[in-house]
Structures are given as C-alpha cells and as structure tokens.
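See below for the structure under consideration.
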Amino acid sequence: MRTRYYERDAFPPAVAELRRAYRVFVPVRRGDFHAFAEWDDSVRPDFDYRKTRVPPKGLVFPQSERLLVFSTDERDPEHDILREAPKDFPPQAVVGIRPYDAMAFRVLEVNFDTPEVRDPWWLRRREATTLIGLARADEDATMFRTENYAGPFDERGLDVIVYDLGRGYLAKALGEKGEAALAAMGGDEPAADALREVEERIARAATPELPAGRLRAQPAAPELPTGRLRAQPVVPLFEAEFWDEVAAPCLNCGVCTFLCPTCWCFDIQDEVRKQEGDRIRNWDSCMFPLYTLHASGHNPRGKKTQRVRNRFMHKLKYYLDKYDRGVMCVGCGRCVEACPVNIDIREVAARMNGFGEQVERHDR
Ligand code: SF4
Ligand code: SF4
C-alpha cells in the first residue's frame, strides 16, 4: 500500500498534478461557507475547511441531470422515442472530501446499485470517481458517530486517506484507484516519525480518556443513540404519540433533506421546448406534500406529522431493518445546523430509541 508525505506547501501542487488525468474537485470558500468546485484557474483550494454547506453528493448524483432526450417532431423518423442524453463520464477526483461524506456514498449505493436496480448514470459516474479524503480531528458540536461514521479517521469509502499533520500531509492509498492517484501526485516516502504521529492521532480520536496530564485536542463526538432500535417492531413506534410533538415546529422547508449527504429522493420530469424534449432527474424531498401526491388527488402523507415521521423512520428504522447496514445517517450534523426551527435528529433518535423502555421495565 503506497504512502506518501507532502510538506504543507507542497500538497496543493501535488494535487494539481492530478489535473493532467482527472477533473479535480476541491473545497473552496464561497462567502461564509465552503463548497466543492472544479479546480480551474479561477479557483483557489482551501484544504483547511471544516465542512461544506452542501455535501459533495452531487458530484455523483447531480442535483439536476438530463437523462434522456426525445423529439416530438413527426418528421423525425425517431420521434417520441427516448434516447440517452449524450454525455461522457471522465475520471474525476474529489480531493479533501471528509470521511463522513465519503461514507455517505456507500449509504446511497443501496438505492442506485442493487441486484434489482442498477442506475446507469450513478454506476458510470461512481466508477469514474476517486475519493481522496482529508482526515483531521475537528468534529464540531453538531456531529456524532453512527455505524456509518466511526470518526474523523474512518477509511471506509475512501480511495486515499490524507492525514493532516499540521506541518504536512501523509497520504495512504486504500485500493487500486488510490494507488493510481498517489502515483500521479508524486511525493516523498514518509519518515517514521510521521507514520508514528498518524497512529497517535488515530488512537487519540478513538480513546475516550487519555493518561492524566495530556489534553485531548478534540473530544470524541457522541454516538447516535440507536442501540435498541433494531429490536423494536415498526408498528408501535410508527404510532407513537411523540411524532406530533416532534413535527409541530417543522416548516416543511426541505433544507434538512437537501443538505443531507445520504438523502436520495428524486423526481423525474419532462421538459419540452418547441419540439425538443428532455427527461430530467431532480433532487426531491419527502418533506414536501407534493412528493407523495397521487394523480387521483389522494396523498398518503398529506399531513406534516406523516412526513416528518417518514423522514426519521426511513433514516433510523426502515433503512436499518431493510439493509442491515446501520442507520441512514453519517452524523455530519448539517441538518442539525440548518434546520430553522432546531429539530435535532439526535433528540429524535433518543426518543425513538427509548420508546417502549418504560413499558418493558414495568413488565419485568
Ligand atoms: S429543516 Fe427543519 S423545518 Fe425544514 S423540513 Fe427539515 S425538519 Fe422541517
Ligand atoms: S440526517 Fe442529518 S446528520 Fe445525518 S447524514 Fe443527514 S444531514 Fe447529516
């Protein structure tokens, strides 16, 4: 497994080498926030960022994507026949992605790459994508650990992990794609003290307490309380009285779902201009009443409580039961930060997790 070391100033030029073979996406400052942008001459990467406001999910699953095209012109011998929209899927490298956002792609894949459904656009873009992760213990107060996020040094889902050691970066390939990327980036063999420092930082992030006299740089984020959820039957939880209380302040603005790296809902619409048509896929949100509105006018989730309940039940119960891959959440905290009425998934998870506990105690 290839490892390379870069002095701090040498890292951006090494990443720039990737531009010879990949479209390279890097974190950049945009006003008060950060976002991923393609690295061209107008962009300055900022690897000291903490979290992007919008996750990089859209680099594989775009917010809006033209899938198919058609013509309604009857003079066209292929009129009204859907054809795949012409596009290519060049190799792309997402450099500086945080481990929770990389893990989110593994959560998303169960919707796009399954034995039953193999979404061709997802598959080709995912295959063309190399994820080069940035590992630094800087979790903020809104973040937490789940089965799908083990902390800032979680390697799962990454092709390369890059440890920020302050004075420089140590990069380790985690598979074939990572080997190819690191070969293109060059760099030096890491010295033994850099390797040792990485091990120490990983141990510090995982250990709740350090020997007396040593301060933790950053306390480990708490775990989302979900330990009892697996065993709970769906129906009483679905009918729990607390859902009305949880949903009461919700504005159904959809921000929590649009900013979530693991939300995968989309809508497909046809747009026609004169006699040329496009079939387009757009991100959608289960928090909108229109999302479940049937053509008949019936809406199975017409009430706010039903929509809020569905969001949390999907993330913390249905996904867990159906796929046995943990909860549908990587603990990024974006929904906690952005919800205008402070609905907090950690509190909802605690209520769901504790549901029925008192009854059980009483029965004992
Ligand atoms: S961000 Fe908050 S208010 Fe908006 S839909 Fe989500 S839970 Fe409701
Ligand atoms: S549910 Fe919230 S904390 Fe979990 S992955 Fe989505 S935005 Fe992040």
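Chain labels run A, B, ... following the order of the structure tokens; each chain numbers its residues from 1, and ligands are numbered from 1 in the order shown.
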Can you list every residue in range 251-332 of chain A that DSSP puts in alpha helix (DSSP H), as a CSV table (one decimal) with N, CA and C atoms, in the first residue's frame?
chain,number,residue,atom,x,y,z
A,255,VAL,N,-34.9,21.8,3.8
A,255,VAL,CA,-33.5,22.1,4.0
A,255,VAL,C,-32.7,20.8,4.5
A,256,CYS,N,-33.3,20.2,5.5
A,256,CYS,CA,-32.6,19.0,6.1
A,256,CYS,C,-32.4,17.9,5.0
A,257,THR,N,-33.3,17.8,4.1
A,257,THR,CA,-33.1,16.7,3.1
A,257,THR,C,-32.2,17.1,2.0
A,258,PHE,N,-32.2,18.4,1.6
A,258,PHE,CA,-31.4,18.9,0.5
A,258,PHE,C,-29.9,18.9,0.9
A,304,LYS,N,-48.3,17.0,7.9
A,304,LYS,CA,-46.9,17.3,8.3
A,304,LYS,C,-46.3,16.2,9.2
A,305,THR,N,-47.1,15.7,10.1
A,305,THR,CA,-46.6,14.7,11.1
A,305,THR,C,-46.2,13.5,10.3
A,306,GLN,N,-47.0,13.1,9.3
A,306,GLN,CA,-46.7,11.9,8.5
A,306,GLN,C,-45.3,12.0,7.8
A,307,ARG,N,-45.1,13.3,7.3
A,307,ARG,CA,-43.9,13.5,6.5
A,307,ARG,C,-42.6,13.5,7.4
A,308,VAL,N,-42.8,14.2,8.5
A,308,VAL,CA,-41.6,14.2,9.5
A,308,VAL,C,-41.3,12.8,10.0
A,309,ARG,N,-42.4,12.1,10.4
A,309,ARG,CA,-42.2,10.7,10.9
A,309,ARG,C,-41.5,9.9,9.8
A,310,ASN,N,-41.9,10.0,8.6
A,310,ASN,CA,-41.3,9.2,7.5
A,310,ASN,C,-39.8,9.5,7.4
A,311,ARG,N,-39.4,10.8,7.5
A,311,ARG,CA,-38.0,11.1,7.3
A,311,ARG,C,-37.2,10.3,8.4
A,312,PHE,N,-37.7,10.4,9.7
A,312,PHE,CA,-36.9,9.8,10.7
A,312,PHE,C,-37.0,8.3,10.7
A,313,MET,N,-38.2,7.8,10.4
A,313,MET,CA,-38.4,6.3,10.4
A,313,MET,C,-37.5,5.7,9.2
A,319,TYR,N,-34.4,1.8,6.9
A,319,TYR,CA,-33.1,1.5,6.3
A,319,TYR,C,-32.4,0.5,7.1
A,320,LEU,N,-32.4,0.7,8.4
A,320,LEU,CA,-31.7,-0.2,9.3
A,320,LEU,C,-32.2,-1.7,9.1
A,321,ASP,N,-33.5,-1.8,9.1
A,321,ASP,CA,-34.2,-3.2,9.0
A,321,ASP,C,-34.0,-3.8,7.7
A,322,LYS,N,-34.1,-2.9,6.6
A,322,LYS,CA,-34.1,-3.5,5.3
A,322,LYS,C,-32.7,-3.9,4.8
A,323,TYR,N,-31.7,-3.1,5.1
A,323,TYR,CA,-30.4,-3.4,4.5
A,323,TYR,C,-29.4,-4.0,5.5
Self-check item: Surroundings of ligand 2 up to 9 Å, based on only C-alpha atoms and all ligand atoms, as a PyMOL selection string
Solution: chain A and resi 55+100-101+104+142-144+146+256-263+311-312+315+327-338+344-346
Find the nearest atom pair between each residue of chain A and ligand 1 for residues within 6 Å, count only C-alpha atoms and all ligand atoms, give distances in Å to one decimal, sort rows by chain and ascending number, and present the table as a Markdown table.
| residue | atom | partner | partner_atom_place_in_ligand_line | distance |
| --- | --- | --- | --- | --- |
| A:Cys250 | CA | ligand 1 | 8 (Fe) | 3.8 |
| A:Leu251 | CA | ligand 1 | 3 (S) | 4.1 |
| A:Asn252 | CA | ligand 1 | 5 (S) | 3.6 |
| A:Cys253 | CA | ligand 1 | 4 (Fe) | 4.0 |
| A:Gly254 | CA | ligand 1 | 5 (S) | 4.0 |
| A:Val255 | CA | ligand 1 | 1 (S) | 4.4 |
| A:Cys256 | CA | ligand 1 | 1 (S) | 4.1 |
| A:Met287 | CA | ligand 1 | 5 (S) | 5.6 |
| A:Cys339 | CA | ligand 1 | 1 (S) | 3.7 |
| A:Pro340 | CA | ligand 1 | 3 (S) | 5.6 |
| A:Val341 | CA | ligand 1 | 3 (S) | 5.5 |
| A:Ile343 | CA | ligand 1 | 7 (S) | 5.4 |
Select from range 91-275 of chain A everything DSSP, run on the backbone, classes as strand (DSSP E or B), then give the selection as a PDB file with N, CA and C atoms, in the first residue's frame.
ATOM      1  N   GLN A  92     -12.788  11.573 -12.440  1.00  0.00           N
ATOM      2  CA  GLN A  92     -12.810  12.758 -11.582  1.00  0.00           C
ATOM      3  C   GLN A  92     -12.277  12.386 -10.198  1.00  0.00           C
ATOM      4  N   ALA A  93     -11.565  13.327  -9.590  1.00  0.00           N
ATOM      5  CA  ALA A  93     -11.018  13.112  -8.245  1.00  0.00           C
ATOM      6  C   ALA A  93     -11.603  14.175  -7.329  1.00  0.00           C
ATOM      7  N   VAL A  94     -12.174  13.731  -6.209  1.00  0.00           N
ATOM      8  CA  VAL A  94     -12.720  14.661  -5.217  1.00  0.00           C
ATOM      9  C   VAL A  94     -11.686  14.706  -4.092  1.00  0.00           C
ATOM     10  N   VAL A  95     -10.954  15.791  -4.025  1.00  0.00           N
ATOM     11  CA  VAL A  95      -9.809  15.863  -3.111  1.00  0.00           C
ATOM     12  C   VAL A  95     -10.183  16.698  -1.890  1.00  0.00           C
ATOM     13  N   GLY A  96     -10.005  16.113  -0.708  1.00  0.00           N
ATOM     14  CA  GLY A  96     -10.329  16.844   0.517  1.00  0.00           C
ATOM     15  C   GLY A  96     -11.704  16.499   1.050  1.00  0.00           C
ATOM     16  N   ILE A  97     -12.346  15.470   0.475  1.00  0.00           N
ATOM     17  CA  ILE A  97     -13.660  15.056   0.985  1.00  0.00           C
ATOM     18  C   ILE A  97     -13.461  14.528   2.406  1.00  0.00           C
ATOM     19  N   ASP A 113     -27.394   0.955  -6.837  1.00  0.00           N
ATOM     20  CA  ASP A 113     -26.602  -0.167  -7.326  1.00  0.00           C
ATOM     21  C   ASP A 113     -26.976  -1.405  -6.520  1.00  0.00           C
ATOM     22  N   ARG A 118     -29.898  -1.152 -11.252  1.00  0.00           N
ATOM     23  CA  ARG A 118     -28.524  -0.668 -11.453  1.00  0.00           C
ATOM     24  C   ARG A 118     -28.647   0.610 -12.273  1.00  0.00           C
ATOM     25  N   THR A 129     -15.086   7.989 -10.348  1.00  0.00           N
ATOM     26  CA  THR A 129     -14.758   8.912  -9.251  1.00  0.00           C
ATOM     27  C   THR A 129     -13.750   8.307  -8.279  1.00  0.00           C
ATOM     28  N   THR A 130     -12.728   9.076  -7.957  1.00  0.00           N
ATOM     29  CA  THR A 130     -11.753   8.691  -6.935  1.00  0.00           C
ATOM     30  C   THR A 130     -11.917   9.644  -5.754  1.00  0.00           C
ATOM     31  N   LEU A 131     -12.075   9.076  -4.558  1.00  0.00           N
ATOM     32  CA  LEU A 131     -12.317   9.891  -3.366  1.00  0.00           C
ATOM     33  C   LEU A 131     -11.034   9.974  -2.533  1.00  0.00           C
ATOM     34  N   ILE A 132     -10.508  11.185  -2.426  1.00  0.00           N
ATOM     35  CA  ILE A 132      -9.257  11.410  -1.694  1.00  0.00           C
ATOM     36  C   ILE A 132      -9.611  12.195  -0.432  1.00  0.00           C
ATOM     37  N   GLY A 133      -9.631  11.483   0.701  1.00  0.00           N
ATOM     38  CA  GLY A 133     -10.221  12.036   1.925  1.00  0.00           C
ATOM     39  C   GLY A 133      -9.238  12.806   2.778  1.00  0.00           C
ATOM     40  N   LEU A 134      -9.778  13.768   3.496  1.00  0.00           N
ATOM     41  CA  LEU A 134      -8.975  14.587   4.402  1.00  0.00           C
ATOM     42  C   LEU A 134      -9.325  14.204   5.838  1.00  0.00           C
ATOM     43  N   ALA A 135      -8.328  13.744   6.590  1.00  0.00           N
ATOM     44  CA  ALA A 135      -8.560  13.240   7.953  1.00  0.00           C
ATOM     45  C   ALA A 135      -7.920  14.190   8.956  1.00  0.00           C
ATOM     46  N   ARG A 145     -21.271  10.157  15.956  1.00  0.00           N
ATOM     47  CA  ARG A 145     -20.850   8.914  15.294  1.00  0.00           C
ATOM     48  C   ARG A 145     -22.066   8.005  15.089  1.00  0.00           C
ATOM     49  N   THR A 146     -22.030   7.240  14.020  1.00  0.00           N
ATOM     50  CA  THR A 146     -23.057   6.220  13.771  1.00  0.00           C
ATOM     51  C   THR A 146     -22.329   4.982  13.237  1.00  0.00           C
ATOM     52  N   TYR A 149     -20.268   6.097  10.417  1.00  0.00           N
ATOM     53  CA  TYR A 149     -19.222   7.112  10.576  1.00  0.00           C
ATOM     54  C   TYR A 149     -18.519   6.846  11.907  1.00  0.00           C
ATOM     55  N   VAL A 160      -8.160   7.133  -1.055  1.00  0.00           N
ATOM     56  CA  VAL A 160      -6.918   7.603  -0.428  1.00  0.00           C
ATOM     57  C   VAL A 160      -7.328   8.320   0.846  1.00  0.00           C
ATOM     58  N   ILE A 161      -6.580   8.113   1.928  1.00  0.00           N
ATOM     59  CA  ILE A 161      -6.812   8.935   3.118  1.00  0.00           C
ATOM     60  C   ILE A 161      -5.582   9.815   3.312  1.00  0.00           C
ATOM     61  N   VAL A 162      -5.840  11.107   3.535  1.00  0.00           N
ATOM     62  CA  VAL A 162      -4.750  12.071   3.702  1.00  0.00           C
ATOM     63  C   VAL A 162      -4.830  12.618   5.127  1.00  0.00           C
ATOM     64  N   TYR A 163      -3.840  12.303   5.945  1.00  0.00           N
ATOM     65  CA  TYR A 163      -3.818  12.777   7.333  1.00  0.00           C
ATOM     66  C   TYR A 163      -3.174  14.153   7.374  1.00  0.00           C
ATOM     67  N   ASP A 164      -3.889  15.091   7.960  1.00  0.00           N
ATOM     68  CA  ASP A 164      -3.342  16.439   8.131  1.00  0.00           C
ATOM     69  C   ASP A 164      -2.517  16.451   9.422  1.00  0.00           C
ATOM     70  N   GLY A 168       2.521  19.092   7.599  1.00  0.00           N
ATOM     71  CA  GLY A 168       2.447  18.439   6.290  1.00  0.00           C
ATOM     72  C   GLY A 168       1.317  17.425   6.260  1.00  0.00           C
ATOM     73  N   TYR A 169       1.262  16.676   5.181  1.00  0.00           N
ATOM     74  CA  TYR A 169       0.192  15.691   4.987  1.00  0.00           C
ATOM     75  C   TYR A 169       0.796  14.330   4.691  1.00  0.00           C
ATOM     76  N   LEU A 170       0.220  13.294   5.293  1.00  0.00           N
ATOM     77  CA  LEU A 170       0.624  11.927   4.968  1.00  0.00           C
ATOM     78  C   LEU A 170      -0.555  11.260   4.254  1.00  0.00           C
ATOM     79  N   ALA A 171      -0.309  10.748   3.057  1.00  0.00           N
ATOM     80  CA  ALA A 171      -1.385  10.152   2.259  1.00  0.00           C
ATOM     81  C   ALA A 171      -1.158   8.656   2.123  1.00  0.00           C
ATOM     82  N   LYS A 172      -2.250   7.878   2.264  1.00  0.00           N
ATOM     83  CA  LYS A 172      -2.155   6.422   2.163  1.00  0.00           C
ATOM     84  C   LYS A 172      -3.192   5.927   1.153  1.00  0.00           C
ATOM     85  N   ALA A 173      -2.746   5.141   0.188  1.00  0.00           N
ATOM     86  CA  ALA A 173      -3.681   4.569  -0.800  1.00  0.00           C
ATOM     87  C   ALA A 173      -4.459   3.442  -0.150  1.00  0.00           C
ATOM     88  N   ASP A 188       6.989  12.198  -1.323  1.00  0.00           N
ATOM     89  CA  ASP A 188       8.147  11.523  -0.733  1.00  0.00           C
ATOM     90  C   ASP A 188       7.697  10.338   0.109  1.00  0.00           C
ATOM     91  N   GLU A 223     -22.110   9.082  20.197  1.00  0.00           N
ATOM     92  CA  GLU A 223     -22.771   8.147  19.267  1.00  0.00           C
ATOM     93  C   GLU A 223     -24.251   8.457  19.207  1.00  0.00           C
ATOM     94  N   PHE A 266     -35.579  11.556  -5.567  1.00  0.00           N
ATOM     95  CA  PHE A 266     -35.575  12.391  -6.775  1.00  0.00           C
ATOM     96  C   PHE A 266     -36.919  12.301  -7.474  1.00  0.00           C
ATOM     97  N   ASP A 267     -37.118  13.243  -8.376  1.00  0.00           N
ATOM     98  CA  ASP A 267     -38.333  13.321  -9.171  1.00  0.00           C
ATOM     99  C   ASP A 267     -37.877  13.339 -10.633  1.00  0.00           C
ATOM    100  N   ILE A 268     -38.688  12.799 -11.530  1.00  0.00           N
ATOM    101  CA  ILE A 268     -38.316  12.838 -12.955  1.00  0.00           C
ATOM    102  C   ILE A 268     -39.381  13.623 -13.704  1.00  0.00           C
ATOM    103  N   GLN A 269     -38.945  14.604 -14.474  1.00  0.00           N
ATOM    104  CA  GLN A 269     -39.875  15.478 -15.178  1.00  0.00           C
ATOM    105  C   GLN A 269     -39.474  15.575 -16.650  1.00  0.00           C
ATOM    106  N   ASP A 270     -40.472  15.784 -17.506  1.00  0.00           N
ATOM    107  CA  ASP A 270     -40.189  16.052 -18.917  1.00  0.00           C
ATOM    108  C   ASP A 270     -40.308  17.539 -19.172  1.00  0.00           C
ATOM    109  N   GLU A 271     -39.326  18.084 -19.856  1.00  0.00           N
ATOM    110  CA  GLU A 271     -39.377  19.500 -20.249  1.00  0.00           C
ATOM    111  C   GLU A 271     -39.308  19.553 -21.767  1.00  0.00           C
ATOM    112  N   VAL A 272     -40.256  20.281 -22.368  1.00  0.00           N
ATOM    113  CA  VAL A 272     -40.307  20.351 -23.834  1.00  0.00           C
ATOM    114  C   VAL A 272     -40.176  21.797 -24.275  1.00  0.00           C
ATOM    115  N   ARG A 273     -39.257  22.049 -25.186  1.00  0.00           N
ATOM    116  CA  ARG A 273     -39.105  23.372 -25.805  1.00  0.00           C
ATOM    117  C   ARG A 273     -39.307  23.182 -27.306  1.00  0.00           C
TER     118      ARG A 273
END
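For Pro91 in chain A, the set of protein, DNA and RNA residues having any atom at most 9 Å away, when counting only C-alpha atoms and skipping those fewer than 3 positions along the same chain, is Ala21, Tyr22, Arg23, Val24, Arg125, Glu127, Ala128, Thr129 and Thr130 of chain A.
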Those residues you just picked out, can you put them in a file as a PDB file, in the first residue's frame with C-alpha atoms?
ATOM      1  CA  ALA A  21      -5.629  12.903 -15.864  1.00  0.00           C
ATOM      2  CA  TYR A  22      -8.743  13.830 -13.834  1.00  0.00           C
ATOM      3  CA  ARG A  23     -11.288  16.563 -13.403  1.00  0.00           C
ATOM      4  CA  VAL A  24     -10.291  17.630  -9.904  1.00  0.00           C
ATOM      5  CA  ARG A 125     -20.052   8.371 -12.562  1.00  0.00           C
ATOM      6  CA  GLU A 127     -16.832   4.201 -11.253  1.00  0.00           C
ATOM      7  CA  ALA A 128     -15.124   7.298 -12.689  1.00  0.00           C
ATOM      8  CA  THR A 129     -14.758   8.912  -9.251  1.00  0.00           C
ATOM      9  CA  THR A 130     -11.753   8.691  -6.935  1.00  0.00           C
TER      10      THR A 130
END
Exercise. Using only C-alpha atoms, find the one residue out of A:Gln63, A:Asp40, A:Phe105, A:Phe355 that sits nearest to Pro236 in chain A.
Key: A:Phe355
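Minimum atom-to-atom distance to Ala14 in chain A, evaluated using only C-alpha atoms, belongs to A:Leu182 out of A:Pro222, A:Glu347, A:Leu182, A:Ala141.
Candidate residues A:Arg228, A:Ser296, A:Ala247, A:Trp264 were compared for distance to Ala349 in chain A, and the nearest is A:Arg228, using only C-alpha atoms.
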Exercise. Quick one: everything within 9 Å of Val234 in chain A, counting only C-alpha atoms, minus sequence neighbours fewer than 5 positions away in the same chain. Send it as a VMD selection string.
Key: chain A and resid 239 313 317 to 318
Selection from above, C-alpha atoms, as a PDB file, in the first residue's frame, can you write it?
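Once everything was written out, this is part26.pdb:
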ATOM      1  CA  GLU A 239     -47.942   5.056  16.061  1.00  0.00           C
ATOM      2  CA  MET A 313     -38.376   6.328  10.367  1.00  0.00           C
ATOM      3  CA  LYS A 317     -35.593   2.304  11.285  1.00  0.00           C
ATOM      4  CA  TYR A 318     -36.649   1.241   7.752  1.00  0.00           C
TER       5      TYR A 318
END
